[in-house]
file work-v4.tsv (TSV, C-alpha atoms and all ligand atoms)
chain	number	residue	atom	x	y	z
L	1095	MET	CA	-129.18	150.31	83.38
L	1096	LYS	CA	-126.05	152.21	82.43
L	1097	GLY	CA	-125.55	155.92	82.90
L	1098	PHE	CA	-122.81	158.48	82.48
L	1099	ALA	CA	-122.07	159.92	85.89
L	1100	MET	CA	-120.12	162.32	88.02
L	1101	ILE	CA	-118.10	159.86	90.11
L	1102	LYS	CA	-116.80	162.69	92.30
L	1103	ILE	CA	-115.59	166.26	91.77
L	1104	GLY	CA	-113.30	166.22	88.75
L	1105	GLU	CA	-114.11	162.66	87.66
L	1106	VAL	CA	-116.74	161.23	85.31
L	1107	GLY	CA	-117.43	157.72	83.98
L	1108	TRP	CA	-119.98	155.06	83.10
L	1109	ILE	CA	-121.78	153.39	86.00
L	1110	GLU	CA	-124.50	150.75	86.44
L	1111	LYS	CA	-127.60	151.52	88.48
L	1112	GLU	CA	-131.06	150.09	89.12
L	1113	ARG	CA	-133.74	151.47	86.82
L	1114	PRO	CA	-135.66	154.17	88.79
L	1115	VAL	CA	-139.04	153.32	90.34
L	1116	CYS	CA	-142.17	155.14	89.08
L	1117	GLY	CA	-144.36	156.73	91.79
L	1118	PRO	CA	-148.11	157.36	91.22
L	1119	MET	CA	-147.59	160.88	89.77
L	1120	ASP	CA	-144.31	160.16	88.00
L	1121	ALA	CA	-143.02	158.98	84.64
L	1122	ILE	CA	-140.06	156.89	83.57
L	1123	CYS	CA	-138.60	158.00	80.25
L	1124	LYS	CA	-135.84	156.97	77.87
L	1125	PRO	CA	-133.93	159.73	76.10
L	1126	LEU	CA	-134.32	160.35	72.38
L	1127	ALA	CA	-131.55	162.95	72.48
L	1128	ILE	CA	-129.57	164.76	75.16
L	1129	ALA	CA	-127.56	167.98	75.19
L	1130	ILE	CA	-124.57	168.80	77.34
L	1131	CYS	CA	-124.62	171.99	79.37
L	1132	THR	CA	-121.98	174.39	80.69
L	1133	SER	CA	-123.63	173.80	84.07
L	1134	ASP	CA	-122.39	170.18	83.92
L	1135	VAL	CA	-118.87	171.57	83.63
L	1136	HIS	CA	-119.37	173.85	86.67
L	1137	THR	CA	-120.83	170.93	88.62
L	1138	VAL	CA	-118.19	168.33	87.77
L	1139	TRP	CA	-114.96	170.28	87.45
L	1140	GLU	CA	-115.57	173.29	89.69
L	1141	GLY	CA	-117.56	171.36	92.29
L	1142	ALA	CA	-119.92	174.33	92.21
L	1143	VAL	CA	-122.82	172.65	94.02
L	1144	GLY	CA	-120.58	170.56	96.27
L	1145	GLU	CA	-119.47	166.94	96.21
L	1146	ARG	CA	-121.62	164.36	94.42
L	1147	HIS	CA	-120.91	160.63	94.16
L	1148	ASN	CA	-122.05	158.44	91.25
L	1149	MET	CA	-124.72	160.92	90.19
L	1150	ILE	CA	-125.87	160.43	86.60
L	1151	LEU	CA	-125.36	163.68	84.68
L	1152	GLY	CA	-127.63	165.47	82.22
L	1153	HIS	CA	-130.65	167.76	82.49
L	1154	GLU	CA	-131.33	168.61	78.86
L	1155	GLY	CA	-133.07	166.38	76.37
L	1156	CYS	CA	-136.24	165.00	74.89
L	1157	ALA	CA	-137.54	161.53	75.53
L	1158	GLU	CA	-140.06	158.79	75.04
L	1159	VAL	CA	-142.28	157.89	77.96
L	1160	VAL	CA	-141.96	154.20	78.91
L	1161	GLU	CA	-144.01	154.07	82.11
L	1162	VAL	CA	-146.42	156.37	83.98
L	1163	GLY	CA	-147.86	156.28	87.51
L	1164	SER	CA	-151.52	155.50	88.22
L	1165	MET	CA	-152.44	159.18	88.76
L	1166	VAL	CA	-150.84	160.56	85.58
L	1167	LYS	CA	-153.56	161.85	83.23
L	1168	ASP	CA	-151.96	163.40	80.17
L	1169	PHE	CA	-149.06	161.13	79.27
L	1170	LYS	CA	-148.82	157.46	78.35
L	1171	PRO	CA	-146.08	155.06	77.27
L	1172	GLY	CA	-144.89	155.84	73.76
L	1173	ASP	CA	-145.49	159.62	74.01
L	1174	ARG	CA	-142.60	161.79	72.85
L	1175	VAL	CA	-141.93	164.57	75.33
L	1176	LEU	CA	-139.95	167.72	76.00
L	1177	VAL	CA	-138.13	167.49	79.31
L	1178	PRO	CA	-137.41	170.72	81.18
L	1179	ALA	CA	-134.15	171.03	83.09
L	1180	ILE	CA	-136.10	172.22	86.12
L	1181	THR	CA	-138.84	169.93	87.45
L	1182	PRO	CA	-140.47	171.55	90.51
L	1183	ASP	CA	-142.83	170.04	93.03
L	1184	TRP	CA	-145.93	171.93	92.01
L	1185	ASN	CA	-147.75	171.49	95.30
L	1186	SER	CA	-144.95	173.10	97.33
L	1187	LEU	CA	-145.42	176.40	99.16
L	1188	GLU	CA	-142.63	177.96	97.09
L	1189	ALA	CA	-144.47	177.06	93.88
L	1190	GLN	CA	-147.66	178.55	95.33
L	1191	GLY	CA	-145.66	181.69	96.06
L	1192	GLY	CA	-144.62	181.97	92.41
L	1193	TYR	CA	-141.13	180.52	92.76
L	1194	SER	CA	-141.57	176.94	91.64
L	1195	MET	CA	-137.88	176.66	90.76
L	1196	HIS	CA	-137.13	176.92	94.48
L	1197	SER	CA	-139.68	174.30	95.51
L	1198	GLY	CA	-138.51	172.68	98.73
L	1199	GLY	CA	-135.66	175.19	99.20
L	1200	MET	CA	-133.24	177.29	97.18
L	1201	LEU	CA	-132.79	175.85	93.68
L	1202	GLY	CA	-134.86	172.83	94.79
L	1203	GLY	CA	-136.62	172.57	91.42
L	1204	TRP	CA	-133.28	171.76	89.85
L	1205	LYS	CA	-133.23	168.06	90.52
L	1206	PHE	CA	-131.61	166.39	87.49
L	1207	SER	CA	-127.84	166.21	87.81
L	1208	ASN	CA	-127.97	168.19	91.04
L	1209	PHE	CA	-129.43	165.93	93.72
L	1210	LYS	CA	-131.04	163.26	91.57
L	1211	ASP	CA	-129.88	161.19	88.62
L	1212	GLY	CA	-130.17	162.98	85.31
L	1213	LEU	CA	-130.92	162.17	81.69
L	1214	ASP	CA	-127.61	160.70	80.49
L	1215	SER	CA	-128.81	157.17	81.09
L	1216	GLU	CA	-130.95	154.47	79.54
L	1217	PHE	CA	-133.92	155.47	81.71
L	1218	PHE	CA	-134.65	158.43	83.95
L	1219	HIS	CA	-137.34	159.46	86.41
L	1220	VAL	CA	-139.57	162.55	86.13
L	1221	ASN	CA	-141.50	163.71	89.20
L	1222	ASP	CA	-144.99	165.19	88.74
L	1223	ALA	CA	-145.20	164.15	85.09
L	1224	ASP	CA	-148.40	166.09	84.33
L	1225	GLY	CA	-146.87	169.28	85.73
L	1226	ASN	CA	-143.42	168.95	84.28
L	1227	LEU	CA	-143.44	167.16	80.93
L	1228	ALA	CA	-144.74	168.66	77.69
L	1229	HIS	CA	-145.74	166.90	74.49
L	1230	LEU	CA	-143.11	167.21	71.77
L	1231	PRO	CA	-144.72	168.77	68.66
L	1232	ASP	CA	-144.24	166.57	65.56
L	1233	SER	CA	-142.63	169.43	63.65
L	1234	ILE	CA	-139.73	169.80	66.10
L	1235	ASN	CA	-136.81	167.42	65.55
L	1236	VAL	CA	-135.11	165.75	68.51
L	1237	VAL	CA	-132.00	167.95	68.32
L	1238	ASP	CA	-133.93	171.23	68.35
L	1239	ALA	CA	-136.16	169.79	71.08
L	1240	CYS	CA	-133.12	169.56	73.39
L	1241	MET	CA	-132.73	173.35	73.18
L	1242	LEU	CA	-136.12	173.73	74.83
L	1243	SER	CA	-134.96	172.04	78.05
L	1244	ASP	CA	-132.69	174.80	79.23
L	1245	MET	CA	-131.20	177.10	76.56
L	1246	VAL	CA	-134.44	178.74	75.45
L	1247	PRO	CA	-136.11	178.89	78.89
L	1248	THR	CA	-132.92	180.14	80.59
L	1249	GLY	CA	-131.88	182.63	77.92
L	1250	PHE	CA	-135.44	183.98	77.84
L	1251	HIS	CA	-135.62	184.12	81.62
L	1252	GLY	CA	-132.64	186.46	81.61
L	1253	VAL	CA	-134.67	188.75	79.35
L	1254	GLU	CA	-137.68	188.47	81.67
L	1255	LEU	CA	-135.53	189.21	84.73
L	1256	ALA	CA	-134.04	192.26	83.00
L	1257	ASP	CA	-137.61	193.30	82.14
L	1258	VAL	CA	-136.76	194.16	78.53
L	1259	GLN	CA	-139.35	196.48	76.98
L	1260	PHE	CA	-140.06	197.73	73.44
L	1261	GLY	CA	-137.28	200.03	72.27
L	1262	ASP	CA	-134.83	199.24	75.09
L	1263	SER	CA	-131.10	199.20	74.49
L	1264	VAL	CA	-129.84	195.91	75.88
L	1265	LEU	CA	-126.40	194.59	76.72
L	1266	VAL	CA	-126.14	190.79	76.62
L	1267	VAL	CA	-123.00	189.59	78.41
L	1268	GLY	CA	-122.05	186.19	77.04
L	1269	ILE	CA	-123.18	184.73	73.74
L	1270	GLY	CA	-122.79	181.05	74.37
L	1271	PRO	CA	-126.04	179.13	73.74
L	1272	VAL	CA	-127.74	180.73	76.76
L	1273	GLY	CA	-126.76	184.28	75.80
L	1274	LEU	CA	-127.73	183.61	72.18
L	1275	MET	CA	-131.23	182.81	73.37
L	1276	SER	CA	-131.16	185.99	75.45
L	1277	VAL	CA	-130.34	187.91	72.27
L	1278	ALA	CA	-133.22	186.12	70.50
L	1279	GLY	CA	-135.54	186.83	73.44
L	1280	ALA	CA	-134.57	190.51	73.57
L	1281	THR	CA	-135.23	190.78	69.85
L	1282	LEU	CA	-138.65	189.14	70.24
L	1283	ARG	CA	-139.41	191.58	73.07
L	1284	GLY	CA	-138.65	194.56	70.82
L	1285	ALA	CA	-135.20	195.74	71.91
L	1286	SER	CA	-134.06	198.58	69.63
L	1287	ARG	CA	-130.34	197.99	70.06
L	1288	ILE	CA	-128.50	194.92	71.29
L	1289	LEU	CA	-124.84	195.01	72.28
L	1290	ALA	CA	-123.32	191.57	72.79
L	1291	VAL	CA	-120.21	190.45	74.67
L	1292	GLY	CA	-118.35	187.39	73.38
L	1293	THR	CA	-115.55	186.42	71.05
L	1294	ARG	CA	-115.99	182.91	69.58
L	1295	PRO	CA	-116.59	183.56	65.85
L	1296	LYS	CA	-119.34	180.96	65.52
L	1297	CYS	CA	-121.21	182.53	68.44
L	1298	VAL	CA	-120.72	186.02	67.02
L	1299	GLU	CA	-122.18	184.85	63.70
L	1300	ALA	CA	-125.16	183.26	65.47
L	1301	ALA	CA	-125.68	186.36	67.63
L	1302	LYS	CA	-125.95	188.47	64.48
L	1303	PHE	CA	-128.56	186.05	63.19
L	1304	TYR	CA	-130.55	186.42	66.43
L	1305	GLY	CA	-130.43	190.21	66.33
L	1306	ALA	CA	-127.24	191.51	67.99
L	1307	ASP	CA	-126.17	194.83	66.48
L	1308	GLU	CA	-122.71	195.44	67.92
L	1309	PHE	CA	-120.03	193.34	69.61
L	1310	ILE	CA	-117.72	193.90	72.53
L	1311	SER	CA	-114.79	191.74	73.55
L	1312	TYR	CA	-114.12	191.36	77.27
L	1313	LYS	CA	-110.55	190.68	76.18
L	1314	ASN	CA	-110.17	194.27	74.93
L	1315	GLY	CA	-110.56	196.01	78.28
L	1316	PRO	CA	-113.43	196.68	80.69
L	1317	ILE	CA	-116.90	196.01	79.27
L	1318	ASP	CA	-118.36	199.13	80.89
L	1319	GLU	CA	-115.87	201.43	79.19
L	1320	GLN	CA	-116.62	199.92	75.80
L	1321	VAL	CA	-120.38	200.16	76.35
L	1322	LEU	CA	-120.15	203.77	77.51
L	1323	ALA	CA	-118.01	204.63	74.48
L	1324	LEU	CA	-120.61	203.09	72.16
L	1325	THR	CA	-123.55	204.82	73.85
L	1326	GLY	CA	-122.18	208.36	74.10
L	1327	GLY	CA	-121.55	207.92	77.83
L	1328	LYS	CA	-125.22	207.12	78.57
L	1329	GLY	CA	-125.10	203.34	79.02
L	1330	VAL	CA	-127.88	200.85	78.32
L	1331	ASP	CA	-131.43	200.41	79.62
L	1332	LYS	CA	-131.11	196.72	80.48
L	1333	VAL	CA	-128.43	194.04	80.86
L	1334	VAL	CA	-128.74	190.28	80.59
L	1335	VAL	CA	-125.82	188.37	82.11
L	1336	ALA	CA	-125.20	184.93	80.59
L	1337	GLY	CA	-121.44	184.75	80.99
L	1338	GLY	CA	-118.52	186.19	82.90
L	1339	ASP	CA	-117.83	185.81	86.62
L	1340	VAL	CA	-118.35	187.53	89.97
L	1341	THR	CA	-116.61	190.68	88.69
L	1342	THR	CA	-119.03	191.11	85.77
L	1343	TYR	CA	-121.79	192.84	87.78
L	1344	GLU	CA	-119.55	195.72	88.74
L	1345	ALA	CA	-119.01	196.50	85.06
L	1346	CYS	CA	-122.73	196.09	84.34
L	1347	ILE	CA	-123.77	198.49	87.10
L	1348	LYS	CA	-121.29	201.01	85.70
L	1349	CYS	CA	-122.80	200.99	82.21
L	1350	LEU	CA	-126.47	200.78	83.20
L	1351	LYS	CA	-128.71	203.84	83.05
L	1352	PRO	CA	-130.46	204.96	86.27
L	1353	GLY	CA	-133.52	202.77	86.71
L	1354	GLY	CA	-131.87	199.99	84.72
L	1355	LYS	CA	-132.23	196.33	85.49
L	1356	ILE	CA	-129.78	193.47	85.27
L	1357	GLY	CA	-131.18	190.00	84.67
L	1358	ASN	CA	-128.70	187.30	85.58
L	1359	VAL	CA	-128.87	183.66	84.54
L	1360	ASN	CA	-125.16	182.97	84.78
L	1361	TYR	CA	-124.26	180.13	87.15
L	1362	LEU	CA	-121.43	181.47	89.28
L	1363	GLY	CA	-119.21	178.49	89.82
L	1364	SER	CA	-116.59	180.25	91.92
L	1365	GLY	CA	-115.84	183.40	93.90
L	1366	THR	CA	-117.24	184.58	97.24
L	1367	TYR	CA	-118.66	188.09	96.87
L	1368	ILE	CA	-120.13	190.33	94.21
L	1369	ASN	CA	-119.05	193.96	94.48
L	1370	ILE	CA	-121.48	196.77	93.76
L	1371	PRO	CA	-119.69	200.04	92.91
L	1372	ARG	CA	-121.06	202.66	95.32
L	1373	VAL	CA	-120.90	205.76	93.13
L	1374	GLU	CA	-122.20	204.19	89.92
L	1375	TRP	CA	-124.98	202.57	91.95
L	1376	GLY	CA	-126.19	206.12	92.51
L	1377	VAL	CA	-124.70	206.15	96.04
L	1378	GLY	CA	-127.53	203.78	96.90
L	1379	MET	CA	-130.25	205.75	95.10
L	1380	GLY	CA	-129.79	204.90	91.42
L	1381	HIS	CA	-132.74	202.50	91.07
L	1382	LYS	CA	-130.37	199.97	89.54
L	1383	SER	CA	-131.20	196.38	90.39
L	1384	ILE	CA	-129.84	192.88	89.84
L	1385	HIS	CA	-132.33	190.01	89.49
L	1386	GLY	CA	-130.73	186.60	89.31
L	1387	GLY	CA	-132.78	183.50	88.77
L	1388	LEU	CA	-132.91	179.86	87.91
L	1389	MET	CA	-135.12	179.21	84.90
L	1390	PRO	CA	-138.74	178.34	85.66
L	1391	GLY	CA	-139.86	174.88	84.62
L	1392	GLY	CA	-143.40	173.75	84.11
L	1393	ARG	CA	-145.49	172.29	81.36
L	1394	LEU	CA	-147.33	175.50	80.47
L	1395	ARG	CA	-144.11	177.42	79.87
L	1396	MET	CA	-142.56	174.50	77.96
L	1397	GLU	CA	-145.59	174.26	75.71
L	1398	LYS	CA	-145.56	177.98	75.02
L	1399	LEU	CA	-141.85	178.01	74.20
L	1400	GLY	CA	-142.31	174.86	72.12
L	1401	ALA	CA	-145.08	176.64	70.20
L	1402	LEU	CA	-142.66	179.47	69.37
L	1403	VAL	CA	-140.29	176.95	67.80
L	1404	ALA	CA	-143.04	174.93	66.11
L	1405	SER	CA	-144.50	178.08	64.55
L	1406	GLY	CA	-141.13	179.06	63.09
L	1407	LYS	CA	-141.00	182.33	65.07
L	1408	LEU	CA	-137.93	181.07	66.94
L	1409	ASP	CA	-135.25	179.15	65.02
L	1410	VAL	CA	-133.06	177.23	67.49
L	1411	SER	CA	-131.21	175.31	64.79
L	1412	LYS	CA	-128.13	177.55	65.06
L	1413	LEU	CA	-127.34	176.23	68.54
L	1414	ALA	CA	-126.49	172.56	68.06
L	1415	SER	CA	-123.05	172.92	66.47
L	1416	HIS	CA	-121.96	169.32	67.15
L	1417	VAL	CA	-124.45	166.46	66.76
L	1418	PHE	CA	-123.41	162.86	67.49
L	1419	GLU	CA	-125.34	159.61	67.36
L	1420	GLY	CA	-125.09	156.86	69.98
L	1421	TRP	CA	-124.19	156.46	73.66
L	1422	ASP	CA	-120.48	156.11	72.98
L	1423	TYR	CA	-120.30	159.82	72.19
L	1424	VAL	CA	-121.59	161.07	75.55
L	1425	PRO	CA	-118.13	161.36	77.21
L	1426	HIS	CA	-116.75	163.09	74.12
L	1427	ALA	CA	-119.63	165.58	74.05
L	1428	LEU	CA	-119.04	166.46	77.71
L	1429	GLN	CA	-115.32	166.86	77.11
L	1430	LEU	CA	-116.07	169.23	74.21
L	1431	MET	CA	-118.19	171.37	76.52
L	1432	LYS	CA	-115.31	171.50	78.99
L	1433	ASP	CA	-112.75	172.41	76.31
L	1434	LYS	CA	-114.99	174.89	74.44
L	1435	PRO	CA	-113.25	174.77	71.03
L	1436	ALA	CA	-113.81	177.87	68.93
L	1437	ASP	CA	-116.43	176.24	66.69
L	1438	LEU	CA	-118.55	174.89	69.56
L	1439	ILE	CA	-121.92	176.24	70.57
L	1440	LYS	CA	-123.76	173.20	71.89
L	1441	PRO	CA	-123.05	169.45	71.67
L	1442	VAL	CA	-125.99	167.07	71.29
L	1443	VAL	CA	-126.07	163.27	71.28
L	1444	LYS	CA	-129.10	161.64	69.68
L	1445	PHE	CA	-130.39	158.09	69.99
L	1446	ALA	CA	-133.33	158.33	67.58
L	1447	ASP	CA	-134.71	160.58	64.84
G	1501	LIG	P1	-120.68	179.48	77.37
G	1501	LIG	O1	-119.47	179.18	78.16
G	1501	LIG	O2	-120.93	178.77	76.09
G	1501	LIG	O3	-120.72	181.04	77.06
G	1501	LIG	C1	-120.21	181.98	77.93
G	1501	LIG	C2	-120.13	183.31	77.23
G	1501	LIG	O4	-119.55	184.25	78.14
G	1501	LIG	C3	-119.24	183.30	75.99
G	1501	LIG	O5	-119.79	184.14	75.02
G	1501	LIG	C4	-117.93	183.84	76.51
G	1501	LIG	O6	-117.17	184.47	75.50
G	1501	LIG	C5	-118.42	184.86	77.50
G	1501	LIG	N1	-117.43	185.19	78.53
G	1501	LIG	C6	-116.45	184.38	79.01
G	1501	LIG	N2	-115.72	185.04	79.93
G	1501	LIG	C7	-116.25	186.27	80.02
G	1501	LIG	C8	-115.92	187.42	80.78
G	1501	LIG	N3	-114.91	187.43	81.66
G	1501	LIG	N4	-116.67	188.52	80.65
G	1501	LIG	C9	-117.73	188.53	79.79
G	1501	LIG	N5	-118.07	187.48	79.01
G	1501	LIG	C10	-117.34	186.36	79.14
G	1501	LIG	O7	-121.90	179.26	78.39
G	1501	LIG	P2	-123.45	178.91	78.16
G	1501	LIG	O8	-124.07	179.86	77.22
G	1501	LIG	O9	-123.57	177.45	77.90
G	1501	LIG	O10	-123.99	179.16	79.64
G	1501	LIG	C11	-123.90	180.46	80.21
G	1501	LIG	C12	-124.08	180.38	81.72
G	1501	LIG	O11	-125.45	180.09	82.04
G	1501	LIG	C13	-123.27	179.25	82.35
G	1501	LIG	O12	-122.69	179.73	83.55
G	1501	LIG	C14	-124.30	178.21	82.65
G	1501	LIG	O13	-123.92	177.37	83.69
G	1501	LIG	C15	-125.47	179.09	83.03
G	1501	LIG	N6	-126.77	178.45	83.03
G	1501	LIG	C16	-127.71	178.94	83.89
G	1501	LIG	C17	-128.97	178.39	83.97
G	1501	LIG	C18	-130.07	179.01	84.82
G	1501	LIG	O14	-131.18	178.48	84.92
G	1501	LIG	N7	-129.85	180.16	85.45
G	1501	LIG	C19	-129.30	177.23	83.17
G	1501	LIG	C20	-128.29	176.85	82.20
G	1501	LIG	C21	-127.06	177.44	82.16
G	1501	LIG	P3	-116.28	183.68	74.39
G	1501	LIG	O15	-117.07	183.80	73.13
G	1501	LIG	O16	-115.01	184.43	74.38
G	1501	LIG	O17	-116.14	182.27	74.86
G	1502	ZN	ZN	-128.35	173.14	81.19

call {"tool": "encode", "arguments": {"input": "work-v4.tsv", "output": "structure tokens", "more": "lines below"}}
Ligand code: NDP
Ligand code: ZN
result
Amino acid sequence: MKGFAMIKIGEVGWIEKERPVCGPMDAICKPLAIAICTSDVHTVWEGAVGERHNMILGHEGCAEVVEVGSMVKDFKPGDRVLVPAITPDWNSLEAQGGYSMHSGGMLGGWKFSNFKDGLDSEFFHVNDADGNLAHLPDSINVVDACMLSDMVPTGFHGVELADVQFGDSVLVVGIGPVGLMSVAGATLRGASRILAVGTRPKCVEAAKFYGADEFISYKNGPIDEQVLALTGGKGVDKVVVAGGDVTTYEACIKCLKPGGKIGNVNYLGSGTYINIPRVEWGVGMGHKSIHGGLMPGGRLRMEKLGALVASGKLDVSKLASHVFEGWDYVPHALQLMKDKPADLIKPVVKFAD
């Protein structure tokens, strides 16, 4: 089979590989559509998870099942499925401890395009099919379905990690597709005021649609100063970080109220340390915390998030700004994600309707 791969840090290309083998609890799927992720850019061009050779890229998409193992109960060939970016081993101790995304070790649930071949190929392998796949509701088209792999679950996880409550004021740093879903999640959770950081006009427009009230540009000076100016010096109750770099947390601590929580889903591709400002951290006693986490996978969560889209309560259609058809467009879609033109939110390549 052919697949689009990371050849080594900084280099991508088409490769040929054997079709993966299906274990008793596994499934082999063929993609119906795939989406490109900013994480692919960190992985390939920043070498953020280290060197990888001939690893097929991609961890976002929906698919048709072509083969299942003898122990798989709920899926059969021909089923159309949502594929989560994170596919934990559900019988691991970490999963039993509530951290399935770290099954087998830190970030161990992130298998596709990390330490196993991903979705950008004619066929791909899914471990623990009953635990990880979810049926694709008929009412969700294949492009929107791709947003359920990573953008919705990750953006929403930032909101969960920040513990957004009814009436909270929330700062969302970064309004790419992940941050847009954090804005949507904060709105669904009842935030009273959402300040959003980001400049690309298309993202700003989408953030307004999802419920952002005011906008801040990181290009116009420190974020914390702008937030404090907008909040009468008080700061915000919660922060979701879905963009920026290792310096972003310092600004967030500075404009967070005592007792505030920062939920981080940004993938830090470079830098060594994160600085916490001593005084604004309440000289160690401010009850200000940072919770950073990889999105949880799992069929139950996928089905619940899918139900939100199927019911019309969450409209993800604003995210896929560039939709292509056919394998030839995969390299172009990845290049777009690297270049981030002003009108880009998320590139999707579909192979079926
Ligand atoms: P984008 O690059 O599309 O968006 C990044 C956002 O951050 C943009 O709004 C950008 O603004 C803004 N930004 C850029 N620089 C700064 C800065 N210095 N300070 C503040 N804001 C800044 O990314 P995605 O939405 O696709 O992804 C966001 C992050 O989430 C990525 O790092 C990605 O790898 C990560 N991720 C994490 C996952 C997880 O499970 N934890 C899963 C999937 C993704 P502008 O409008 O100017 O471009
Ligand atoms: Zn992703």

call {"tool": "closest_residue", "arguments": {"input": "work-v4.tsv", "among": "L:Val1330, L:Met1200, L:Leu1388, L:Ile1180", "to": "Leu1289 in chain L", "atoms": "all atoms listed in the file"}}
result
L:Val1330

call {"tool": "residues_around", "arguments": {"input": "work-v4.tsv", "residues": "range 1297-1311 of chain L", "least_positions_apart": "3", "cutoff": "8 Å", "atoms": "only C-alpha atoms", "output": "list in words"}}
result
Ile1269, Gly1270, Pro1271, Leu1274, Met1275, Val1277, Ala1278, Thr1281, Arg1287, Ile1288, Leu1289, Ala1290, Val1291, Gly1292, Thr1293, Arg1294, Asn1314, Gly1315, Ile1317, Gln1320, Val1321, Lys1412, Leu1413 and Ile1439 of chain L

call {"tool": "residues_near_point", "arguments": {"input": "work-v4.tsv", "point": "(-146.8, 167.7, 76.4)", "cutoff": "9 Å", "atoms": "all atoms listed in the file", "output": "PyMOL selection string"}}
result
chain L and resi 1168-1169+1173-1176+1224+1226-1231+1393-1394+1396-1397

call {"tool": "closest_residue", "arguments": {"input": "work-v4.tsv", "among": "L:Ser1405, L:Ser1197, L:Asn1235, L:Asn1185", "to": "Gly1155 in chain L", "atoms": "all atoms listed in the file"}}
result
L:Asn1235

call {"tool": "residues_near_ligand", "arguments": {"input": "work-v4.tsv", "ligand": "ligand LIG 1501 (chain G)", "cutoff": "6 Å", "atoms": "all atoms listed in the file", "output": "list in words"}}
result
Cys1131, Thr1132, Ser1133, Asp1244, Thr1248, Val1267, Gly1268, Ile1269, Gly1270, Pro1271, Val1272, Gly1273, Val1291, Gly1292, Thr1293, Arg1294, Tyr1312, Ala1336, Gly1337, Gly1338, Asp1339, Val1359, Asn1360, Tyr1361, Gly1387, Leu1388 and Met1389 of chain L

call {"tool": "write_last_selection", "arguments": {"input": "work-v4.tsv", "atoms": "C-alpha atoms", "output": "compact mmCIF listing (two decimals), keeping the file's coordinate frame"}}
result
# COMPACT_ATOMS: atom_id res chain seq x y z
CA CYS L 1131 -124.62 171.99 79.37
CA THR L 1132 -121.98 174.39 80.69
CA SER L 1133 -123.63 173.80 84.07
CA ASP L 1244 -132.69 174.80 79.23
CA THR L 1248 -132.92 180.14 80.59
CA VAL L 1267 -123.00 189.59 78.41
CA GLY L 1268 -122.05 186.19 77.04
CA ILE L 1269 -123.18 184.73 73.74
CA GLY L 1270 -122.79 181.05 74.37
CA PRO L 1271 -126.04 179.13 73.74
CA VAL L 1272 -127.74 180.73 76.76
CA GLY L 1273 -126.76 184.28 75.80
CA VAL L 1291 -120.21 190.45 74.67
CA GLY L 1292 -118.35 187.39 73.38
CA THR L 1293 -115.55 186.42 71.05
CA ARG L 1294 -115.99 182.91 69.58
CA TYR L 1312 -114.12 191.36 77.27
CA ALA L 1336 -125.20 184.93 80.59
CA GLY L 1337 -121.44 184.75 80.99
CA GLY L 1338 -118.52 186.19 82.90
CA ASP L 1339 -117.83 185.81 86.62
CA VAL L 1359 -128.87 183.66 84.54
CA ASN L 1360 -125.16 182.97 84.78
CA TYR L 1361 -124.26 180.13 87.15
CA GLY L 1387 -132.78 183.50 88.77
CA LEU L 1388 -132.91 179.86 87.91
CA MET L 1389 -135.12 179.21 84.90

call {"tool": "residues_around", "arguments": {"input": "work-v4.tsv", "residues": "range 1137-1144 of chain L", "least_positions_apart": "4", "cutoff": "10 Å", "atoms": "only C-alpha atoms", "output": "PyMOL selection string"}}
result
chain L and resi 1099-1106+1132-1133+1151+1207-1209+1361-1364+1432

call {"tool": "atom_distance", "arguments": {"input": "work-v4.tsv", "atom1": "CA of Phe1260 in chain L", "atom2": "CA of Lys1355 in chain L"}}
result
14.4 Å

call {"tool": "residues_around", "arguments": {"input": "work-v4.tsv", "residues": "Val1159 in chain L", "least_positions_apart": "4", "cutoff": "6 Å", "atoms": "all atoms listed in the file", "output": "list in words"}}
result
Cys1123, Pro1171, Gly1172 and Asp1173 of chain L

call {"tool": "atom_distance", "arguments": {"input": "work-v4.tsv", "atom1": "CA of Ser1383 in chain L", "atom2": "CA of Gly1357 in chain L"}}
result
8.6 Å

call {"tool": "closest_residue", "arguments": {"input": "work-v4.tsv", "among": "L:Ile1370, L:Val1246, L:Val1442, L:Val1335", "to": "Leu1408 in chain L", "atoms": "only C-alpha atoms"}}
result
L:Val1246

call {"tool": "residues_around", "arguments": {"input": "work-v4.tsv", "residues": "Leu1213 in chain L", "least_positions_apart": "2", "cutoff": "7 Å", "atoms": "all atoms listed in the file", "output": "list in words"}}
result
Pro1125, Leu1151, Gly1152, His1153, Ser1215 and Phe1218 of chain L

call {"tool": "closest_residue", "arguments": {"input": "work-v4.tsv", "among": "L:Leu1428, L:Val1264, L:Leu1350, L:Leu1255", "to": "ligand ZN 1502 (chain G)", "atoms": "all atoms listed in the file"}}
result
L:Leu1428

call {"tool": "atom_distance", "arguments": {"input": "work-v4.tsv", "atom1": "CA of Trp1108 in chain L", "atom2": "CA of Ala1239 in chain L"}}
result
25.0 Å

call {"tool": "residues_around", "arguments": {"input": "work-v4.tsv", "residues": "Val1403 in chain L", "least_positions_apart": "6", "cutoff": "8 Å", "atoms": "only C-alpha atoms", "output": "ChimeraX atom specification"}}
result
/L:1234,1409-1410

call {"tool": "closest_residue", "arguments": {"input": "work-v4.tsv", "among": "L:Leu1126, L:Val1258, L:Val1166, L:Leu1438", "to": "Gly1354 in chain L", "atoms": "all atoms listed in the file"}}
result
L:Val1258

call {"tool": "closest_residue", "arguments": {"input": "work-v4.tsv", "among": "L:His1219, L:Lys1434, L:Arg1283, L:His1416", "to": "Glu1112 in chain L", "atoms": "all atoms listed in the file"}}
result
L:His1219
